[in-house]
Amino acid sequence: MRRTGKEQGEEVKLVRAFHHAFSTNDCSRNVYIKKNGFTLHRNPIAQSTDGARTKIGFSEGRHAWEVWWEGPLGTVAVIGIATKRAAMQCQGYVALLGSDDQSWGWNLVDNNLLHNGEVNGSFPQCNNAPKYQIGERIRVILDMEDKTLAFERGYEFLGVAFRGLPKVCLYPAVSAVYGNTEVTLVYLGKPLDG
């Protein structure tokens, strides 16, 4: 039975996404990556913040991926980017992603942008910004040519969160604190401009 062009295209997208999925070798010891490769499961470990990076990072081009929580956020739930030097585990319940100069993150719990251990303002920049809802897909857009990181919710562009990113290899990453929560990340490829 021959596959249609559309079926072949979907298969190519899936293989590409799997190629860019979470790394089982580059995550906290308190998480495991499910067999699908796209979903991180955080074990119920007290007083620990745990993260994971993808297998492939980017130093050029424009890239988009989607992230969503499939369980409670807890007190801290951060999505963003990190270099290979950024820690993927630490003691306590903290915003791990964004805690140093090697990572940039958006804490979905309090809508704060984080980098170098500091809050860089709230996001999105609007009055009464809605809180993240479990299962809601956030699209992350990394533009290494403009050195920016932006976010979308649904089909709504929320804006550029970070500017002036360094010209180094940056990896999609997440950090979580809630026991048994699951976070899925799927690479989409080059973003569509609307």
# chains A, B, ... in the order shown; residues from 1 in each chain; ligands from 1
>>> select_by_dssp(residues="range 72-114 of chain A", states="strand (DSSP E)", output="list in words")
Ala77, Val78, Ile79, Gly80, Ile81, Ala82, Gln89, Cys90, Gln91, Ser103, Trp104, Gly105, Trp106, Asn107, Asn112, Leu113 and Leu114 of chain A
>>> write_last_selection(atoms="C-alpha atoms", output="mmCIF file, in the first residue's frame")
data_model
loop_
_atom_site.group_PDB
_atom_site.id
_atom_site.type_symbol
_atom_site.label_atom_id
_atom_site.label_comp_id
_atom_site.auth_asym_id
_atom_site.auth_seq_id
_atom_site.Cartn_x
_atom_site.Cartn_y
_atom_site.Cartn_z
ATOM 1 C CA ALA A 77 7.136 25.847 36.082
ATOM 2 C CA VAL A 78 9.579 27.396 33.615
ATOM 3 C CA ILE A 79 9.969 27.080 29.839
ATOM 4 C CA GLY A 80 12.729 28.598 27.746
ATOM 5 C CA ILE A 81 16.286 27.991 26.585
ATOM 6 C CA ALA A 82 19.635 27.052 28.091
ATOM 7 C CA GLN A 89 18.902 20.080 38.862
ATOM 8 C CA CYS A 90 19.162 22.013 42.116
ATOM 9 C CA GLN A 91 18.024 21.897 45.742
ATOM 10 C CA SER A 103 19.516 30.212 30.738
ATOM 11 C CA TRP A 104 16.423 32.296 29.959
ATOM 12 C CA GLY A 105 12.927 31.329 31.061
ATOM 13 C CA TRP A 106 9.282 32.257 31.504
ATOM 14 C CA ASN A 107 7.757 31.066 34.784
ATOM 15 C CA ASN A 112 7.829 36.396 35.329
ATOM 16 C CA LEU A 113 10.724 36.421 32.860
ATOM 17 C CA LEU A 114 13.954 35.130 34.389
#
>>> select_by_dssp(residues="chain A", states="helix (DSSP H, G or I)", output="PyMOL selection string")
chain A and resi 5-19
>>> atom_distance(atom1="CA of Asp100 in chain A", atom2="CA of Ala87 in chain A")
8.7 Å
>>> closest_residue(among="A:Phe162, A:Trp69, A:Phe22, A:Phe38", to="Gly98 in chain A", atoms="only C-alpha atoms")
A:Phe162
>>> closest_atom_pairs(of="range 44-128 of chain A", to="range 142-151 of chain A", cutoff="8 Å", atoms="only C-alpha atoms", output="JSON lines")
{"residue": "A:Phe58", "atom": "CA", "partner": "A:Met144", "partner_atom": "CA", "distance": 7.6}
{"residue": "A:Ser59", "atom": "CA", "partner": "A:Met144", "partner_atom": "CA", "distance": 6.3}
{"residue": "A:Glu60", "atom": "CA", "partner": "A:Met144", "partner_atom": "CA", "distance": 4.9}
{"residue": "A:Gly61", "atom": "CA", "partner": "A:Met144", "partner_atom": "CA", "distance": 5.4}
{"residue": "A:Arg62", "atom": "CA", "partner": "A:Asp143", "partner_atom": "CA", "distance": 4.4}
{"residue": "A:His63", "atom": "CA", "partner": "A:Leu142", "partner_atom": "CA", "distance": 5.2}
{"residue": "A:Ala64", "atom": "CA", "partner": "A:Leu142", "partner_atom": "CA", "distance": 6.3}
>>> residues_around(residues="Arg16 in chain A", least_positions_apart="6", cutoff="12 Å", atoms="only C-alpha atoms", output="list in words")
Gly9, Glu10, Gly37, Phe38, Lys55, Ile56, Trp65, Val186, Tyr187, Leu188, Gly189 and Lys190 of chain A
>>> residues_around(residues="Leu40 in chain A", least_positions_apart="5", cutoff="6 Å", atoms="only C-alpha atoms", output="MDAnalysis selection string")
chainID A and resid 32:33 182:183
